[in-house]
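Undergrad: My structure is stored as structure20.pdb, with PDB, C-alpha atoms.
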```pdb
ATOM      1  CA  MET K   1       0.000   0.000   0.000
ATOM      2  CA  SER K   2       1.357   3.428  -0.891
ATOM      3  CA  PHE K   3       1.011   6.484   1.308
ATOM      4  CA  SER K   4       1.150   9.543  -0.918
ATOM      5  CA  ARG K   5       0.531  13.011   0.462
ATOM      6  CA  GLN K   6      -2.936  12.970  -1.146
ATOM      7  CA  GLN K   7      -4.002   9.917   0.865
ATOM      8  CA  ILE K   8      -3.338  11.561   4.223
ATOM      9  CA  LYS K   9      -6.509  13.364   5.254
ATOM     10  CA  LEU K  10      -5.680  16.410   7.353
ATOM     11  CA  LYS K  11      -8.472  17.649   9.605
ATOM     12  CA  SER K  12      -9.644  21.201  10.181
ATOM     13  CA  ALA K  13      -9.927  22.542  13.725
ATOM     14  CA  ASP K  14     -13.698  22.038  13.532
ATOM     15  CA  GLN K  15     -13.265  18.436  12.442
ATOM     16  CA  VAL K  16     -10.822  17.748  15.267
ATOM     17  CA  ASP K  17     -13.422  19.137  17.669
ATOM     18  CA  LYS K  18     -15.950  16.671  16.240
ATOM     19  CA  MET K  19     -13.487  13.864  16.835
ATOM     20  CA  GLN K  20     -13.088  15.179  20.370
ATOM     21  CA  ALA K  21     -16.782  14.462  20.970
ATOM     22  CA  SER K  22     -16.205  10.797  20.062
ATOM     23  CA  ALA K  23     -13.061  10.737  22.193
ATOM     24  CA  ASP K  24     -14.910  12.172  25.193
ATOM     25  CA  ILE K  25     -17.352   9.265  25.074
ATOM     26  CA  LEU K  26     -14.430   6.872  24.869
ATOM     27  CA  ALA K  27     -12.636   8.435  27.837
ATOM     28  CA  SER K  28     -15.760   8.300  29.982
ATOM     29  CA  VAL K  29     -16.305   4.634  29.087
ATOM     30  CA  PHE K  30     -12.770   3.729  30.125
ATOM     31  CA  LEU K  31     -13.206   5.448  33.487
ATOM     32  CA  GLU K  32     -16.238   3.233  34.124
ATOM     33  CA  VAL K  33     -14.600   0.083  32.756
ATOM     34  CA  ARG K  34     -11.816   0.401  35.312
ATOM     35  CA  LYS K  35     -14.442  -0.058  38.026
ATOM     36  CA  LEU K  36     -15.747  -3.231  36.387
ATOM     37  CA  VAL K  37     -12.451  -5.082  35.908
ATOM     38  CA  ARG K  38     -12.111  -7.569  38.751
ATOM     39  CA  PRO K  39     -11.704 -11.322  39.286
ATOM     40  CA  GLY K  40     -14.749 -13.338  38.186
ATOM     41  CA  VAL K  41     -15.948 -10.912  35.532
ATOM     42  CA  THR K  42     -16.188 -12.389  32.044
ATOM     43  CA  THR K  43     -14.755 -10.687  28.988
ATOM     44  CA  GLY K  44     -18.173 -11.031  27.380
ATOM     45  CA  GLY K  45     -19.799  -9.260  30.309
ATOM     46  CA  LEU K  46     -17.323  -6.411  29.986
ATOM     47  CA  ASP K  47     -18.082  -6.147  26.287
ATOM     48  CA  GLU K  48     -21.831  -5.948  26.885
ATOM     49  CA  ALA K  49     -21.318  -3.189  29.449
ATOM     50  CA  ILE K  50     -19.007  -1.288  27.098
ATOM     51  CA  GLU K  51     -21.483  -1.398  24.233
ATOM     52  CA  ALA K  52     -24.324  -0.214  26.458
ATOM     53  CA  MET K  53     -22.267   2.706  27.766
ATOM     54  CA  ILE K  54     -21.235   3.784  24.269
ATOM     55  CA  ARG K  55     -24.780   3.716  22.937
ATOM     56  CA  ASP K  56     -26.234   5.408  26.012
ATOM     57  CA  ALA K  57     -23.770   8.267  25.425
ATOM     58  CA  GLY K  58     -24.916   8.700  21.819
ATOM     59  CA  GLY K  59     -22.073   6.830  20.157
ATOM     60  CA  VAL K  60     -21.692   3.678  18.094
ATOM     61  CA  PRO K  61     -19.006   1.013  18.675
ATOM     62  CA  SER K  62     -16.436   1.279  15.884
ATOM     63  CA  PHE K  63     -15.391  -2.365  16.123
ATOM     64  CA  LYS K  64     -18.787  -4.110  16.148
ATOM     65  CA  GLY K  65     -18.980  -5.926  12.818
ATOM     66  CA  TYR K  66     -15.742  -4.381  11.515
ATOM     67  CA  HIS K  67     -14.471  -6.977   9.029
ATOM     68  CA  GLY K  68     -16.749  -9.365  10.883
ATOM     69  CA  PHE K  69     -15.419  -8.757  14.404
ATOM     70  CA  PRO K  70     -18.167  -9.888  16.804
ATOM     71  CA  GLY K  71     -17.512  -7.630  19.796
ATOM     72  CA  SER K  72     -17.731  -3.948  20.637
ATOM     73  CA  ALA K  73     -14.305  -4.100  22.276
ATOM     74  CA  CYS K  74     -11.167  -6.149  21.764
ATOM     75  CA  ILE K  75     -10.401  -7.737  25.140
ATOM     76  CA  SER K  76      -7.042  -9.507  25.380
ATOM     77  CA  VAL K  77      -5.759 -11.323  28.466
ATOM     78  CA  ASN K  78      -2.136 -11.942  29.533
ATOM     79  CA  GLU K  79      -0.233 -13.310  26.501
ATOM     80  CA  GLU K  80      -2.952 -12.061  24.142
ATOM     81  CA  VAL K  81      -1.582  -8.936  22.491
ATOM     82  CA  VAL K  82      -4.627  -7.511  20.715
ATOM     83  CA  HIS K  83      -7.905  -8.434  18.963
ATOM     84  CA  GLY K  84      -9.138 -10.767  21.697
ATOM     85  CA  ILE K  85     -12.773 -11.796  21.151
ATOM     86  CA  PRO K  86     -15.004 -11.223  24.215
ATOM     87  CA  GLY K  87     -16.716 -14.336  25.534
ATOM     88  CA  PRO K  88     -17.196 -16.572  28.581
ATOM     89  CA  ARG K  89     -13.616 -16.361  29.849
ATOM     90  CA  GLU K  90     -13.471 -15.224  33.481
ATOM     91  CA  LEU K  91     -10.761 -12.862  34.603
ATOM     92  CA  ARG K  92      -8.608 -14.174  37.441
ATOM     93  CA  ASP K  93      -6.669 -12.468  40.184
ATOM     94  CA  GLY K  94      -3.218 -11.630  38.817
ATOM     95  CA  ASP K  95      -4.271 -11.396  35.170
ATOM     96  CA  ILE K  96      -3.677  -8.340  33.038
ATOM     97  CA  VAL K  97      -6.359  -7.420  30.509
ATOM     98  CA  GLY K  98      -5.965  -5.190  27.471
ATOM     99  CA  ILE K  99      -9.144  -3.373  26.458
ATOM    100  CA  ASP K 100      -9.247  -1.659  23.057
ATOM    101  CA  ILE K 101     -12.338   0.377  22.169
ATOM    102  CA  GLY K 102     -13.399   2.543  19.245
ATOM    103  CA  VAL K 103     -16.315   4.986  19.150
ATOM    104  CA  ILE K 104     -18.106   6.724  16.280
ATOM    105  CA  ARG K 105     -20.151   9.876  16.811
ATOM    106  CA  ASP K 106     -21.529  11.933  13.943
ATOM    107  CA  GLY K 107     -19.365   9.960  11.528
ATOM    108  CA  TRP K 108     -16.044  10.544  13.328
ATOM    109  CA  HIS K 109     -13.976   7.842  15.014
ATOM    110  CA  ALA K 110     -11.818   7.815  18.128
ATOM    111  CA  ASP K 111      -9.724   4.827  19.233
ATOM    112  CA  SER K 112      -8.012   4.066  22.526
ATOM    113  CA  ALA K 113      -6.727   1.171  24.635
ATOM    114  CA  GLU K 114      -5.283   0.451  28.025
ATOM    115  CA  THR K 115      -4.126  -2.658  29.841
ATOM    116  CA  LEU K 116      -5.398  -3.059  33.386
ATOM    117  CA  PRO K 117      -4.386  -5.230  36.340
ATOM    118  CA  VAL K 118      -6.978  -7.692  37.600
ATOM    119  CA  GLY K 119      -6.882  -7.801  41.385
ATOM    120  CA  ASN K 120      -3.332  -8.171  42.675
ATOM    121  CA  VAL K 121      -0.699  -8.610  39.969
ATOM    122  CA  ASP K 122       2.917  -9.564  40.541
ATOM    123  CA  ALA K 123       5.856  -7.182  40.245
ATOM    124  CA  GLU K 124       6.741  -8.371  36.743
ATOM    125  CA  ALA K 125       3.285  -7.611  35.385
ATOM    126  CA  ALA K 126       3.098  -4.267  37.187
ATOM    127  CA  ARG K 127       6.459  -3.228  35.726
ATOM    128  CA  LEU K 128       5.365  -4.180  32.207
ATOM    129  CA  LEU K 129       2.182  -2.103  32.535
ATOM    130  CA  ARG K 130       4.131   0.896  33.790
ATOM    131  CA  VAL K 131       6.762   0.801  31.066
ATOM    132  CA  ALA K 132       4.231   0.171  28.279
ATOM    133  CA  GLN K 133       2.230   3.208  29.377
ATOM    134  CA  GLU K 134       5.436   5.230  29.513
ATOM    135  CA  CYS K 135       6.242   4.085  25.965
ATOM    136  CA  LEU K 136       2.986   5.611  24.753
ATOM    137  CA  GLY K 137       3.806   8.822  26.584
ATOM    138  CA  ARG K 138       7.251   8.957  24.959
ATOM    139  CA  GLY K 139       5.712   8.455  21.522
ATOM    140  CA  ILE K 140       3.168  11.215  22.068
ATOM    141  CA  ALA K 141       5.795  13.615  23.389
ATOM    142  CA  ALA K 142       7.795  13.193  20.148
ATOM    143  CA  ILE K 143       4.943  14.610  18.044
ATOM    144  CA  ALA K 144       5.436  18.062  16.525
ATOM    145  CA  PRO K 145       4.654  19.713  13.179
ATOM    146  CA  GLY K 146       7.620  19.287  10.841
ATOM    147  CA  GLU K 147       8.835  16.077  12.465
ATOM    148  CA  ARG K 148       8.509  12.805  10.595
ATOM    149  CA  VAL K 149       6.168  10.065  11.760
ATOM    150  CA  SER K 150       9.160   7.819  12.455
ATOM    151  CA  VAL K 151      10.149   9.821  15.550
ATOM    152  CA  VAL K 152       7.168   8.283  17.346
ATOM    153  CA  GLY K 153       8.388   4.721  16.875
ATOM    154  CA  VAL K 154      11.981   5.579  17.709
ATOM    155  CA  ALA K 155      10.933   7.094  21.040
ATOM    156  CA  ILE K 156       8.752   4.092  21.882
ATOM    157  CA  GLU K 157      11.310   1.462  20.962
ATOM    158  CA  GLU K 158      14.180   3.135  22.777
ATOM    159  CA  HIS K 159      12.216   3.231  26.028
ATOM    160  CA  ALA K 160      10.984  -0.354  25.710
ATOM    161  CA  ARG K 161      14.435  -1.734  24.936
ATOM    162  CA  ALA K 162      16.010   0.225  27.771
ATOM    163  CA  HIS K 163      13.799  -1.788  30.120
ATOM    164  CA  GLY K 164      14.401  -5.143  28.450
ATOM    165  CA  TYR K 165      11.120  -5.354  26.543
ATOM    166  CA  ALA K 166      10.307  -6.005  22.893
ATOM    167  CA  VAL K 167       7.997  -4.038  20.612
ATOM    168  CA  VAL K 168       5.605  -5.893  18.311
ATOM    169  CA  GLU K 169       6.539  -5.016  14.726
ATOM    170  CA  SER K 170       3.838  -6.803  12.732
ATOM    171  CA  LEU K 171       1.145  -4.389  13.954
ATOM    172  CA  VAL K 172       1.264  -0.591  13.875
ATOM    173  CA  GLY K 173      -0.732   2.536  14.688
ATOM    174  CA  HIS K 174      -2.669   4.455  12.084
ATOM    175  CA  GLY K 175      -4.331   7.612  10.927
ATOM    176  CA  ILE K 176      -7.957   8.028  11.983
ATOM    177  CA  GLY K 177     -10.932  10.222  11.142
ATOM    178  CA  ARG K 178     -14.006   9.452   9.061
ATOM    179  CA  ASP K 179     -12.506   5.977   8.726
ATOM    180  CA  LEU K 180     -11.220   3.921  11.630
ATOM    181  CA  HIS K 181      -7.980   3.203   9.778
ATOM    182  CA  GLU K 182      -6.498   5.894   7.541
ATOM    183  CA  ASP K 183      -3.043   6.789   6.279
ATOM    184  CA  PRO K 184      -0.369   7.016   7.494
ATOM    185  CA  GLN K 185       0.747   3.867   9.213
ATOM    186  CA  VAL K 186       2.484   4.725  12.495
ATOM    187  CA  PRO K 187       5.161   2.185  13.489
ATOM    188  CA  ASN K 188       5.918   1.733  17.191
ATOM    189  CA  PHE K 189       9.538   0.907  16.361
ATOM    190  CA  ARG K 190      12.427   2.169  14.258
ATOM    191  CA  CYS K 191      11.315   1.329  10.717
ATOM    192  CA  TYR K 192      13.074   1.789   7.378
ATOM    193  CA  THR K 193      10.558   0.077   5.096
ATOM    194  CA  MET K 194       7.401   2.182   5.493
ATOM    195  CA  PRO K 195       6.722   5.651   4.095
ATOM    196  CA  ASP K 196       7.770   8.339   6.569
ATOM    197  CA  PRO K 197       5.680  11.470   5.973
ATOM    198  CA  VAL K 198       6.210  14.764   7.734
ATOM    199  CA  MET K 199       3.609  15.437  10.415
ATOM    200  CA  GLU K 200       1.494  18.483   9.672
ATOM    201  CA  GLU K 201      -1.037  20.391  11.714
ATOM    202  CA  GLY K 202      -4.388  18.630  11.308
ATOM    203  CA  LEU K 203      -2.970  15.110  11.173
ATOM    204  CA  VAL K 204      -4.774  12.811  13.611
ATOM    205  CA  ILE K 205      -3.204   9.468  14.464
ATOM    206  CA  ALA K 206      -3.795   6.561  16.817
ATOM    207  CA  ILE K 207      -0.537   5.628  18.535
ATOM    208  CA  GLU K 208      -0.660   2.136  20.045
ATOM    209  CA  PRO K 209       2.527   0.463  21.263
ATOM    210  CA  MET K 210       2.257  -3.259  21.993
ATOM    211  CA  ILE K 211       5.037  -4.167  24.409
ATOM    212  CA  ASN K 212       6.038  -7.772  25.091
ATOM    213  CA  ALA K 213       7.877  -9.157  28.094
ATOM    214  CA  GLY K 214       9.561 -11.734  25.841
ATOM    215  CA  THR K 215       9.976 -12.004  22.094
ATOM    216  CA  LYS K 216       8.544  -9.482  19.657
ATOM    217  CA  ARG K 217       7.174 -12.359  17.584
ATOM    218  CA  VAL K 218       3.430 -12.945  17.585
ATOM    219  CA  VAL K 219       1.074 -15.535  16.103
ATOM    220  CA  THR K 220      -2.629 -15.631  15.312
ATOM    221  CA  ALA K 221      -4.840 -17.920  17.390
ATOM    222  CA  ARG K 222      -7.268 -20.444  15.935
ATOM    223  CA  ASP K 223     -10.143 -17.971  16.123
ATOM    224  CA  GLU K 224      -8.297 -16.063  13.350
ATOM    225  CA  TRP K 225      -8.540 -12.813  15.333
ATOM    226  CA  THR K 226      -6.612 -13.000  18.583
ATOM    227  CA  ILE K 227      -2.912 -12.153  18.322
ATOM    228  CA  VAL K 228      -0.754 -13.825  20.986
ATOM    229  CA  THR K 229       2.924 -13.692  21.858
ATOM    230  CA  ALA K 230       4.850 -16.540  20.224
ATOM    231  CA  ASP K 231       6.488 -17.468  23.547
ATOM    232  CA  ARG K 232       3.294 -16.869  25.564
ATOM    233  CA  ALA K 233       4.969 -14.127  27.615
ATOM    234  CA  LEU K 234       2.850 -11.216  28.852
ATOM    235  CA  SER K 235       1.986  -8.314  26.564
ATOM    236  CA  ALA K 236       0.614  -4.834  27.288
ATOM    237  CA  HIS K 237      -1.147  -2.454  24.892
ATOM    238  CA  PHE K 238      -1.849   1.268  25.340
ATOM    239  CA  GLU K 239      -3.331   3.640  22.771
ATOM    240  CA  HIS K 240      -4.415   7.254  22.391
ATOM    241  CA  THR K 241      -5.929   9.213  19.519
ATOM    242  CA  VAL K 242      -3.767  12.297  19.072
ATOM    243  CA  ALA K 243      -4.066  15.398  16.884
ATOM    244  CA  VAL K 244      -1.009  17.305  15.658
ATOM    245  CA  THR K 245      -1.382  21.010  16.423
ATOM    246  CA  ALA K 246       0.855  24.059  16.135
ATOM    247  CA  ASP K 247       1.393  23.790  19.898
ATOM    248  CA  GLY K 248       2.255  20.087  19.834
ATOM    249  CA  PRO K 249       0.185  16.955  20.511
ATOM    250  CA  ARG K 250      -3.475  17.204  21.535
ATOM    251  CA  VAL K 251      -4.456  13.934  23.184
ATOM    252  CA  LEU K 252      -8.131  13.589  22.325
ATOM    253  CA  THR K 253      -8.739  10.405  24.349
ATOM    254  CA  GLN K 254      -7.014  11.649  27.483
ATOM    255  CA  ARG K 255      -8.659  10.566  30.758
ATOM    256  CA  GLY K 256      -7.023  13.183  32.970
ATOM    257  CA  THR K 257      -4.384  15.905  32.787
ATOM    258  CA  GLY K 258      -0.916  15.795  31.280
ATOM    259  CA  VAL K 259       0.435  14.574  27.980
ATOM    260  CA  ALA K 260      -0.391  10.883  28.388
ATOM    261  CA  ALA K 261      -2.617  10.825  31.428
ATOM    262  CA  PHE K 262      -4.827   7.800  31.928
TER
END
```
Kindly transcribe the structure held in the file into structure tokens.

TA:
Amino acid sequence: MSFSRQQIKLKSADQVDKMQASADILASVFLEVRKLVRPGVTTGGLDEAIEAMIRDAGGVPSFKGYHGFPGSACISVNEEVVHGIPGPRELRDGDIVGIDIGVIRDGWHADSAETLPVGNVDAEAARLLRVAQECLGRGIAAIAPGERVSVVGVAIEEHARAHGYAVVESLVGHGIGRDLHEDPQVPNFRCYTMPDPVMEEGLVIAIEPMINAGTKRVVTARDEWTIVTADRALSAHFEHTVAVTADGPRVLTQRGTGVAAF
């Protein structure tokens, strides 16, 4: 796939504000989801609650039916990296669970993810969650008009490697707007094979590092959706929808204050 300048759809300030409305729904849903994640809850139950909250707020789940995906959220546990299908699986004390949600409002998408501890997690899992969230923050902080998209991945990879973790390279972030996935692709690692456009004001991208405790290699499960680590080590996934502005990054899906607040 080529990524010419004409394929990158820059957004006006008014359009970014419309995306902010979708992102606000998403942020509010995540704040409620945090209260629901606990041992004994099923991933299917979480998904039902997420869909109800989105619709009650006037939004539509971006993922429901997308290329046939059956859930409103991707819910991935422990060694599952992304695209986990919600179902009867019960969360257990010590698990970590990645929740990835998209929302459409008035035709505009927002996309975000975070990985949460279930009950009491061990020190290894807690460290992975902390560093993965920091990786997203480093990627966001690298954003500025005139910089190339590649600076995001370089910042993420350097931080992950400094802590002994691997970055998944077979999956990347993306542009977002009227479509859930738009140009450009946004690698979470140092990449020499993808187009590397200059970031301009009005570009909106979803940055989503997937950080593995073991190998960077991943495989697809039998359900043909769920991506798991090849060595079954833990993986953590964090994502924000971010607009490039003259003043730097505007984190649309932010839950609190600060550049990468959750």

Undergrad: Using all atoms listed in the file for the distances, tell me which of K:Ala233, K:Val29, K:Leu36, K:Val149 is nearest to Ile205 (chain K).

TA: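 Looking only at the distances to Ile205 (chain K), the closest residue turns out to be K:Val149.
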
Undergrad: Determine the nearest neighbour of Ser150 (chain K) from the options K:Arg190, K:His181, K:His174, K:Lys216, counting all atoms listed in the file.

TA: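 The answer is K:Arg190, which sits nearest to Ser150 (chain K).
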
Undergrad: Which residues fall under the PyMOL selection byres ((chain K and resi 60) around 9) in this file, as an mmCIF file with C-alpha atoms, keeping the file's coordinate frame?

TA:
```cif
data_model
loop_
_atom_site.group_PDB
_atom_site.id
_atom_site.type_symbol
_atom_site.label_atom_id
_atom_site.label_comp_id
_atom_site.auth_asym_id
_atom_site.auth_seq_id
_atom_site.Cartn_x
_atom_site.Cartn_y
_atom_site.Cartn_z
ATOM 1 C CA GLU K 51 -21.483 -1.398 24.233
ATOM 2 C CA ILE K 54 -21.235 3.784 24.269
ATOM 3 C CA ARG K 55 -24.780 3.716 22.937
ATOM 4 C CA ALA K 57 -23.770 8.267 25.425
ATOM 5 C CA GLY K 58 -24.916 8.700 21.819
ATOM 6 C CA GLY K 59 -22.073 6.830 20.157
ATOM 7 C CA PRO K 61 -19.006 1.013 18.675
ATOM 8 C CA SER K 62 -16.436 1.279 15.884
ATOM 9 C CA PHE K 63 -15.391 -2.365 16.123
ATOM 10 C CA LYS K 64 -18.787 -4.110 16.148
ATOM 11 C CA SER K 72 -17.731 -3.948 20.637
ATOM 12 C CA GLY K 102 -13.399 2.543 19.245
ATOM 13 C CA VAL K 103 -16.315 4.986 19.150
ATOM 14 C CA ILE K 104 -18.106 6.724 16.280
ATOM 15 C CA ARG K 105 -20.151 9.876 16.811
#
```

Undergrad: I need the residue nearest Gly248 (chain K) from this list: K:Ala144, K:Asp231, K:Phe262, K:Leu46. Use all atoms listed in the file for the distance.

TA: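 For Gly248 (chain K), the nearest of the candidates is K:Ala144.
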
Undergrad: From the set K:Gly94, K:Gly84, K:Pro184, K:Gly146, which residue has the shortest atom-to-atom contact distance to Ala221 (chain K), counting only C-alpha atoms?

TA: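 Ranked by minimum distance to Ala221 (chain K), first place goes to K:Gly84.
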
Undergrad: Between K:Gln254, K:Thr193, K:Ser76, K:Gln133, which one has atoms that come closest to Ile99 (chain K), using all atoms listed in the file?

TA: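 Going through K:Gln254, K:Thr193, K:Ser76, K:Gln133 one by one, the smallest distance to Ile99 (chain K) is for K:Ser76.
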
Undergrad: Calculate how many Å separate CA of His67 (chain K) from CA of Trp225 (chain K), rounding to one decimal.

TA: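 CA of Trp225 (chain K) lies 10.4 Å from CA of His67 (chain K).
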
Undergrad: Run the PyMOL selection byres ((chain K and resi 243) around 7) against the file shown and list the residues it catches, as number ranges by chain.

TA: K: 202-205, 241-242, 244-245, 249-251

Undergrad: Counting all atoms listed in the file, what is within 7 Å of Thr115 (chain K), bar same-chain residues fewer than 5 positions away, as a list in words?

TA: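 Counting only the stated atoms, we get Ile96, Val97, Gly98, Ile99, Leu129, Ala236, His237 and Phe238 of chain K.
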